$ cat my_file35.csv   # CSV, C-alpha atoms
chain,number,residue,atom,x,y,z
D,107,MET,CA,0.0,0.0,0.0
D,108,GLY,CA,1.4,3.4,-1.1
D,109,TRP,CA,2.0,6.5,1.0
D,110,ASP,CA,-0.5,8.3,-1.2
D,111,ALA,CA,-3.3,6.0,-0.1
D,112,LEU,CA,-2.3,6.4,3.5
D,113,ALA,CA,-2.2,10.1,3.2
D,114,LEU,CA,-5.7,10.2,1.6
D,115,ALA,CA,-6.9,8.0,4.5
D,116,VAL,CA,-5.5,10.4,7.0
D,117,LEU,CA,-7.3,13.3,5.1
D,118,GLY,CA,-10.5,11.3,5.1
D,119,GLY,CA,-10.2,10.6,8.8
D,120,ALA,CA,-9.6,14.3,9.5
D,121,LEU,CA,-12.7,15.3,7.5
D,122,VAL,CA,-14.9,12.8,9.3
D,123,GLY,CA,-13.5,13.9,12.7
D,124,LEU,CA,-14.0,17.5,11.8
D,125,LEU,CA,-17.6,17.0,10.7
D,126,LEU,CA,-18.5,14.8,13.7
D,127,THR,CA,-17.2,17.4,16.1
D,128,LEU,CA,-18.9,20.3,14.4
D,129,PHE,CA,-22.3,18.7,13.5
D,130,GLY,CA,-22.8,15.6,15.7
D,131,GLY,CA,-23.5,11.9,14.9
D,132,GLY,CA,-23.7,10.3,11.5
D,133,GLY,CA,-20.4,11.4,10.1
D,134,SER,CA,-18.7,8.1,10.4
D,135,VAL,CA,-20.8,6.8,7.6
D,136,LEU,CA,-18.7,8.8,5.3
D,137,ALA,CA,-15.6,6.7,6.1
D,138,THR,CA,-16.5,3.7,3.9
D,139,PRO,CA,-17.3,5.8,0.7
D,140,TRP,CA,-14.1,7.7,1.2
D,141,LEU,CA,-12.0,4.5,1.4
D,142,ILE,CA,-13.7,3.1,-1.8
D,143,TYR,CA,-14.0,6.2,-4.0
D,144,VAL,CA,-11.0,8.3,-2.9
D,145,VAL,CA,-8.4,6.0,-1.4
D,146,GLY,CA,-9.1,3.4,-4.0
D,147,VAL,CA,-10.1,0.3,-1.9
D,148,THR,CA,-11.7,-2.1,-4.3
D,149,ASP,CA,-13.3,-4.5,-1.8
D,150,ALA,CA,-16.4,-3.1,-0.2
D,151,HIS,CA,-16.1,-5.6,2.6
D,152,LEU,CA,-12.5,-4.5,3.4
D,153,ALA,CA,-13.6,-0.9,3.4
D,154,ILE,CA,-16.5,-1.6,5.8
D,155,GLY,CA,-14.4,-3.7,8.2
D,156,THR,CA,-11.7,-1.0,8.3
D,157,SER,CA,-14.0,1.9,8.9
D,158,ALA,CA,-15.9,-0.1,11.6
D,159,ALA,CA,-12.6,-0.5,13.5
D,160,ALA,CA,-12.0,3.2,13.2
D,161,VAL,CA,-15.5,4.0,14.4
D,162,ALA,CA,-14.9,1.9,17.5
D,163,VAL,CA,-11.8,3.8,18.5
D,164,ASN,CA,-13.3,7.2,17.8
D,165,ALA,CA,-16.4,6.3,19.9
D,166,ALA,CA,-14.2,5.0,22.8
D,167,THR,CA,-12.3,8.3,22.8
D,168,GLY,CA,-15.5,10.2,22.9
D,169,LEU,CA,-16.9,7.9,25.6
D,170,ALA,CA,-14.0,8.6,27.9
D,171,ALA,CA,-14.6,12.3,27.7
D,172,GLN,CA,-18.3,11.9,28.3
D,173,ALA,CA,-17.8,9.6,31.2
D,174,ARG,CA,-15.5,12.1,32.9
D,175,ALA,CA,-18.2,14.7,32.5
D,176,GLY,CA,-20.7,12.3,34.2
D,177,ARG,CA,-23.2,12.2,31.3
D,178,VAL,CA,-23.2,8.5,30.7
D,179,LYS,CA,-26.1,6.5,32.2
D,180,TRP,CA,-24.2,3.3,32.5
D,181,PRO,CA,-27.0,0.8,33.6
D,182,CYS,CA,-29.3,1.8,30.7
D,183,ALA,CA,-26.4,2.0,28.2
D,184,SER,CA,-25.1,-1.4,29.3
D,185,VAL,CA,-28.5,-3.2,28.7
D,186,PHE,CA,-28.8,-1.6,25.3
D,187,ALA,CA,-25.3,-2.5,24.3
D,188,ALA,CA,-25.3,-6.0,25.6
D,189,SER,CA,-28.5,-6.9,23.6
D,190,GLY,CA,-27.1,-5.0,20.6
D,191,LEU,CA,-23.9,-7.0,20.6
D,192,ILE,CA,-25.7,-10.1,19.5
D,193,GLY,CA,-27.3,-8.2,16.6
D,194,ALA,CA,-24.0,-6.6,15.6
D,195,LEU,CA,-22.2,-10.0,15.3
D,196,ALA,CA,-25.2,-11.4,13.4
D,197,GLY,CA,-25.3,-8.4,11.1
D,198,ALA,CA,-21.6,-8.5,10.3
D,199,HIS,CA,-21.7,-12.2,9.5
D,200,LEU,CA,-24.7,-11.7,7.2
D,201,ALA,CA,-23.1,-8.7,5.4
D,202,LYS,CA,-20.0,-10.8,4.6
D,203,GLN,CA,-22.3,-13.2,2.6
D,204,VAL,CA,-23.7,-10.4,0.5
D,205,ASP,CA,-22.2,-9.4,-2.8
D,206,GLY,CA,-20.1,-6.2,-2.5
D,207,ARG,CA,-22.0,-4.3,-5.1
D,208,ALA,CA,-25.4,-5.1,-3.5
D,209,LEU,CA,-24.0,-4.3,-0.1
D,210,LEU,CA,-22.9,-0.8,-1.4
D,211,THR,CA,-26.5,-0.2,-2.6
D,212,TRP,CA,-27.9,-1.1,0.8
D,213,PHE,CA,-25.2,1.0,2.4
D,214,ALA,CA,-26.3,4.0,0.3
D,215,LEU,CA,-29.9,3.6,1.3
D,216,ALA,CA,-28.8,3.5,5.0
D,217,MET,CA,-26.9,6.8,4.4
D,218,ILE,CA,-30.1,8.4,3.2
D,219,ALA,CA,-32.0,7.2,6.3
D,220,ILE,CA,-29.2,8.6,8.5
D,221,ALA,CA,-29.4,12.0,6.7
D,222,VAL,CA,-33.1,12.1,7.0
D,223,SER,CA,-32.8,11.4,10.8
D,224,MET,CA,-30.4,14.3,11.1
D,225,LEU,CA,-33.0,16.7,9.7
D,226,LEU,CA,-35.7,15.7,12.3
D,227,PRO,CA,-36.1,18.0,15.2
D,228,ARG,CA,-34.6,16.8,18.4
D,229,ARG,CA,-36.1,17.1,21.9
D,230,SER,CA,-33.8,18.2,24.7
D,231,GLU,CA,-36.3,17.6,27.5
D,232,GLY,CA,-36.1,14.5,29.6
D,233,ASP,CA,-35.3,13.3,33.0
D,234,PRO,CA,-31.6,13.9,33.8
D,235,GLY,CA,-31.9,11.6,36.9
D,236,VAL,CA,-33.3,8.6,35.1
D,237,HIS,CA,-32.5,5.2,36.6
D,238,LEU,CA,-32.8,1.7,35.1
D,239,GLN,CA,-36.2,0.1,35.9
D,240,PRO,CA,-37.2,-3.5,35.2
D,241,ARG,CA,-39.9,-2.4,32.7
D,242,MET,CA,-37.2,-0.4,30.8
D,243,VAL,CA,-35.3,-3.6,30.0
D,244,LEU,CA,-38.2,-4.9,28.0
D,245,ARG,CA,-38.0,-1.9,25.8
D,246,LEU,CA,-34.2,-1.4,25.7
D,247,ALA,CA,-33.3,-5.0,24.8
D,248,PRO,CA,-35.3,-5.4,21.5
D,249,VAL,CA,-34.4,-1.9,20.3
D,250,GLY,CA,-30.7,-2.6,21.1
D,251,LEU,CA,-30.9,-5.9,19.2
D,252,ALA,CA,-32.3,-4.3,16.1
D,253,THR,CA,-29.9,-1.4,16.2
D,254,GLY,CA,-26.9,-3.7,16.6
D,255,LEU,CA,-28.1,-5.7,13.6
D,256,ALA,CA,-28.1,-2.6,11.4
D,257,ALA,CA,-24.8,-1.4,12.8
D,258,GLY,CA,-23.1,-4.7,12.1
D,259,PHE,CA,-24.6,-5.2,8.7
D,260,PHE,CA,-23.6,-1.7,7.4
D,261,GLY,CA,-20.4,-1.3,9.5
D,262,ILE,CA,-21.6,1.9,11.0
D,263,GLY,CA,-21.7,3.2,14.6
D,264,GLY,CA,-25.5,3.3,14.6
D,265,GLY,CA,-25.5,6.4,16.9
D,266,PHE,CA,-28.3,8.0,14.9
D,267,LEU,CA,-30.5,5.1,16.0
D,268,ILE,CA,-29.2,4.5,19.5
D,269,ALA,CA,-29.8,7.9,20.9
D,270,PRO,CA,-33.5,8.1,20.0
D,271,GLY,CA,-33.9,4.5,21.1
D,272,LEU,CA,-32.5,5.3,24.5
D,273,MET,CA,-34.6,8.4,24.9
D,274,ALA,CA,-37.8,6.6,23.9
D,275,ALA,CA,-37.2,3.6,26.2
D,276,THR,CA,-35.9,5.5,29.3
D,277,GLY,CA,-37.0,9.1,29.1
D,278,MET,CA,-33.4,10.4,29.5
D,279,THR,CA,-32.3,13.7,28.1
D,280,LEU,CA,-30.7,14.2,24.6
D,281,ALA,CA,-27.4,15.0,26.3
D,282,ASN,CA,-27.4,11.8,28.3
D,283,ALA,CA,-28.6,9.7,25.3
D,284,GLY,CA,-25.9,11.1,23.1
D,285,ALA,CA,-23.2,10.3,25.7
D,286,SER,CA,-24.7,6.9,26.6
D,287,SER,CA,-25.0,5.9,22.9
D,288,LEU,CA,-21.2,5.9,22.7
D,289,VAL,CA,-21.1,2.7,24.8
D,290,SER,CA,-23.0,0.9,22.1
D,291,VAL,CA,-21.2,2.6,19.2
D,292,ALA,CA,-17.8,1.5,20.6
D,293,LEU,CA,-19.0,-2.1,21.3
D,294,PHE,CA,-20.8,-2.5,18.0
D,295,GLY,CA,-17.9,-1.2,16.0
D,296,SER,CA,-15.5,-3.5,17.9
D,297,ALA,CA,-17.7,-6.5,17.3
D,298,THR,CA,-18.2,-5.7,13.7
D,299,SER,CA,-14.5,-5.1,13.0
D,300,ALA,CA,-13.5,-8.2,15.0
D,301,SER,CA,-15.8,-10.3,12.8
D,302,TYR,CA,-14.3,-8.7,9.6
D,303,ALA,CA,-10.7,-9.0,11.0
D,304,ALA,CA,-11.2,-12.7,11.6
D,305,SER,CA,-12.0,-13.0,7.8
D,306,GLY,CA,-8.9,-10.9,6.9
D,307,LEU,CA,-11.1,-7.9,5.9
D,308,VAL,CA,-9.5,-5.1,7.9
D,309,SER,CA,-6.6,-3.0,6.5
D,310,TRP,CA,-4.7,-2.1,9.7
D,311,PRO,CA,-2.5,0.6,8.0
D,312,LEU,CA,-5.6,2.3,6.7
D,313,PHE,CA,-7.2,1.9,10.1
D,314,LEU,CA,-4.3,3.6,11.8
D,315,ALA,CA,-4.4,6.4,9.2
D,316,LEU,CA,-8.1,7.0,9.7
D,317,VAL,CA,-7.7,7.1,13.5
D,318,ALA,CA,-4.8,9.5,13.3
D,319,GLY,CA,-6.7,11.7,10.9
D,320,GLY,CA,-9.8,11.6,13.1
D,321,GLY,CA,-7.8,13.0,16.0
D,322,ILE,CA,-6.4,15.8,13.9
D,323,GLY,CA,-9.9,16.7,12.6
D,324,THR,CA,-11.3,16.7,16.1
D,325,LEU,CA,-8.6,19.0,17.4
D,326,ALA,CA,-9.0,21.3,14.4
D,327,ALA,CA,-12.8,21.6,15.0
D,328,MET,CA,-12.7,22.3,18.7
D,329,PRO,CA,-12.1,26.1,18.3
D,330,PHE,CA,-15.1,26.4,16.0
D,331,ALA,CA,-17.5,24.0,17.7
D,332,GLU,CA,-18.7,26.5,20.3
D,333,ARG,CA,-19.2,29.2,17.7
D,334,LEU,CA,-21.4,26.9,15.6
D,335,ALA,CA,-23.5,25.7,18.6
D,336,LYS,CA,-26.1,28.4,17.9
D,337,ARG,CA,-26.2,27.3,14.2
D,338,GLN,CA,-26.4,23.6,14.9
D,339,ARG,CA,-29.6,23.0,13.0
D,340,LEU,CA,-28.3,24.7,9.9
D,341,GLY,CA,-25.0,22.8,10.2
D,342,ARG,CA,-26.7,19.4,10.5
D,343,ALA,CA,-29.0,20.2,7.5
D,344,LEU,CA,-26.0,21.1,5.4
D,345,PHE,CA,-24.2,17.9,6.6
D,346,ALA,CA,-27.3,15.8,5.8
D,347,VAL,CA,-27.3,17.2,2.3
D,348,ILE,CA,-23.7,16.1,1.8
D,349,VAL,CA,-24.5,12.6,3.1
D,350,ILE,CA,-27.4,12.3,0.7
D,351,ALA,CA,-25.3,13.6,-2.2
D,352,VAL,CA,-22.7,10.9,-1.5
D,353,ALA,CA,-25.4,8.3,-1.2
D,354,VAL,CA,-26.8,9.2,-4.6
D,355,TYR,CA,-23.3,9.0,-6.1
D,356,ILE,CA,-22.8,5.5,-4.6
D,357,LEU,CA,-26.2,4.4,-6.0
D,358,THR,CA,-25.1,5.7,-9.4
D,359,MET,CA,-21.8,4.0,-9.3
D,360,ALA,CA,-23.2,0.7,-8.0
D,361,LYS,CA,-25.5,0.2,-11.0
$ encode --input "my_file35.csv" --output "structure tokens"
Amino acid sequence: MGWDALALAVLGGALVGLLLTLFGGGGSVLATPWLIYVVGVTDAHLAIGTSAAAVAVNAATGLAAQARAGRVKWPCASVFAASGLIGALAGAHLAKQVDGRALLTWFALAMIAIAVSMLLPRRSEGDPGVHLQPRMVLRLAPVGLATGLAAGFFGIGGGFLIAPGLMAATGMTLANAGASSLVSVALFGSATSASYAASGLVSWPLFLALVAGGGIGTLAAMPFAERLAKRQRLGRALFAVIVIAVAVYILTMAK
């Protein structure tokens, strides 16, 4: 693998890290298209496995920061993640049986769903002191299983599904849900990438390049994140348009 490919992977990681920091969840879905159409990875499964590994690391880094701030609702997040782990492993196994071209088509459709979810209004109300109750488990477990299945199949973090699921099942605030969702994102990404790695479908040099770029992008975005806080809705809308445009491009190329 040439230095030019690694440099492009670093650039892609930086772009994803920048967008994620500025506009919130959903940005990791851009990693796979970047690897395929910019870096030049020809195997869709290799691109998905590699990006899933990078997503796991990025989520773990974010989780550490959120945990220090005391925003993670660990009991609720753990139930959701544990049930979703089964789905993530099943989804990853299923995806490896699907033809790469067909998988890219499904991936593009998932990107459009993510973009649409980013355009929906988000509630900030909720109970900041929520605690896990037995009846919550009956709601958290099936939603976690379904979300993990989608995350594993598409090699994405699934945060755009996890946060709303946590809010609906527990009544926690958006801030707590966003922080708690990182438990599942890190676990799902780890499970998905481990499944792909076992089949030799993770490029570790590209993985390291994506992670390094992600750190650079996050640091570069920090000075601007607070300034854009008041324009978050506009920023997410613009970001969603970018995701949809990339998805349409993938659908065109996949024909």
$ closest_residue --input "my_file35.csv" --among "D:Gly146, D:Gly295, D:Pro311, D:Gly264" --to "Ala219 of chain D" --atoms "all atoms listed in the file"
D:Gly264
$ atom_distance --input "my_file35.csv" --atom1 "atom CA of Ser287 of chain D" --atom2 "atom CA of Gly254 of chain D"
11.6 Å
$ residues_near_point --input "my_file35.csv" --point "(-20.9, -4.1, 14.5)" --cutoff "6 Å" --atoms "all atoms listed in the file" --output "PyMOL selection string"
chain D and resi 194+257-258+261+294-295+297-298
$ residues_around --input "my_file35.csv" --residues "Val291 of chain D" --least-positions-apart "5" --cutoff "9 Å" --atoms "all atoms listed in the file" --output "list of chain:residue names"
D:Val161, D:Ala162, D:Ala165, D:Ala166, D:Ala187, D:Gly254, D:Ala257, D:Ile262, D:Gly263, D:Gly264, D:Gly265, D:Ile268, D:Ser296
$ write_last_selection --input "my_file35.csv" --atoms "C-alpha atoms" --output "mmCIF file, in the coordinates of the input"
data_model
loop_
_atom_site.group_PDB
_atom_site.id
_atom_site.type_symbol
_atom_site.label_atom_id
_atom_site.label_comp_id
_atom_site.auth_asym_id
_atom_site.auth_seq_id
_atom_site.Cartn_x
_atom_site.Cartn_y
_atom_site.Cartn_z
ATOM 1 C CA VAL D 161 -15.500 4.000 14.400
ATOM 2 C CA ALA D 162 -14.900 1.900 17.500
ATOM 3 C CA ALA D 165 -16.400 6.300 19.900
ATOM 4 C CA ALA D 166 -14.200 5.000 22.800
ATOM 5 C CA ALA D 187 -25.300 -2.500 24.300
ATOM 6 C CA GLY D 254 -26.900 -3.700 16.600
ATOM 7 C CA ALA D 257 -24.800 -1.400 12.800
ATOM 8 C CA ILE D 262 -21.600 1.900 11.000
ATOM 9 C CA GLY D 263 -21.700 3.200 14.600
ATOM 10 C CA GLY D 264 -25.500 3.300 14.600
ATOM 11 C CA GLY D 265 -25.500 6.400 16.900
ATOM 12 C CA ILE D 268 -29.200 4.500 19.500
ATOM 13 C CA SER D 296 -15.500 -3.500 17.900
#
$ residues_around --input "my_file35.csv" --residues "Leu316 of chain D" --least-positions-apart "5" --cutoff "8 Å" --atoms "only C-alpha atoms" --output "PyMOL selection string"
chain D and resi 115-120+157+160
$ closest_residue --input "my_file35.csv" --among "D:Ala351, D:Leu280, D:Ala343, D:Leu293" --to "Arg177 of chain D" --atoms "only C-alpha atoms"
D:Leu280
$ closest_residue --input "my_file35.csv" --among "D:Ala216, D:Leu225, D:Val185, D:Leu125" --to "Leu246 of chain D" --atoms "only C-alpha atoms"
D:Val185
$ closest_residue --input "my_file35.csv" --among "D:Ala318, D:Ala353, D:Ile192, D:Val347" --to "Val122 of chain D" --atoms "only C-alpha atoms"
D:Ala318
$ atom_distance --input "my_file35.csv" --atom1 "atom CA of Asp233 of chain D" --atom2 "atom CA of Phe330 of chain D"
29.5 Å
$ closest_residue --input "my_file35.csv" --among "D:Ser299, D:Val145, D:Val163, D:Arg245" --to "Trp109 of chain D" --atoms "only C-alpha atoms"
D:Val145
$ closest_residue --input "my_file35.csv" --among "D:Leu112, D:Lys202, D:Val147, D:Leu124" --to "Tyr302 of chain D" --atoms "only C-alpha atoms"
D:Lys202
$ residues_near_point --input "my_file35.csv" --point "(-35.4, -5.2, 13.1)" --cutoff "12 Å" --atoms "only C-alpha atoms" --output "VMD selection string"
chain D and resid 190 193 to 194 196 to 197 247 to 257 259 267
$ write_last_selection --input "my_file35.csv" --atoms "C-alpha atoms" --output "mmCIF file, in the frame of the given file"
data_model
loop_
_atom_site.group_PDB
_atom_site.id
_atom_site.type_symbol
_atom_site.label_atom_id
_atom_site.label_comp_id
_atom_site.auth_asym_id
_atom_site.auth_seq_id
_atom_site.Cartn_x
_atom_site.Cartn_y
_atom_site.Cartn_z
ATOM 1 C CA GLY D 190 -27.100 -5.000 20.600
ATOM 2 C CA GLY D 193 -27.300 -8.200 16.600
ATOM 3 C CA ALA D 194 -24.000 -6.600 15.600
ATOM 4 C CA ALA D 196 -25.200 -11.400 13.400
ATOM 5 C CA GLY D 197 -25.300 -8.400 11.100
ATOM 6 C CA ALA D 247 -33.300 -5.000 24.800
ATOM 7 C CA PRO D 248 -35.300 -5.400 21.500
ATOM 8 C CA VAL D 249 -34.400 -1.900 20.300
ATOM 9 C CA GLY D 250 -30.700 -2.600 21.100
ATOM 10 C CA LEU D 251 -30.900 -5.900 19.200
ATOM 11 C CA ALA D 252 -32.300 -4.300 16.100
ATOM 12 C CA THR D 253 -29.900 -1.400 16.200
ATOM 13 C CA GLY D 254 -26.900 -3.700 16.600
ATOM 14 C CA LEU D 255 -28.100 -5.700 13.600
ATOM 15 C CA ALA D 256 -28.100 -2.600 11.400
ATOM 16 C CA ALA D 257 -24.800 -1.400 12.800
ATOM 17 C CA PHE D 259 -24.600 -5.200 8.700
ATOM 18 C CA LEU D 267 -30.500 5.100 16.000
#
$ atom_distance --input "my_file35.csv" --atom1 "atom CA of Arg241 of chain D" --atom2 "atom CA of Gln172 of chain D"
26.3 Å
$ residues_around --input "my_file35.csv" --residues "Ser301 of chain D" --least-positions-apart "5" --cutoff "8 Å" --atoms "all atoms listed in the file" --output "ChimeraX atom specification"
/D:195,198-199
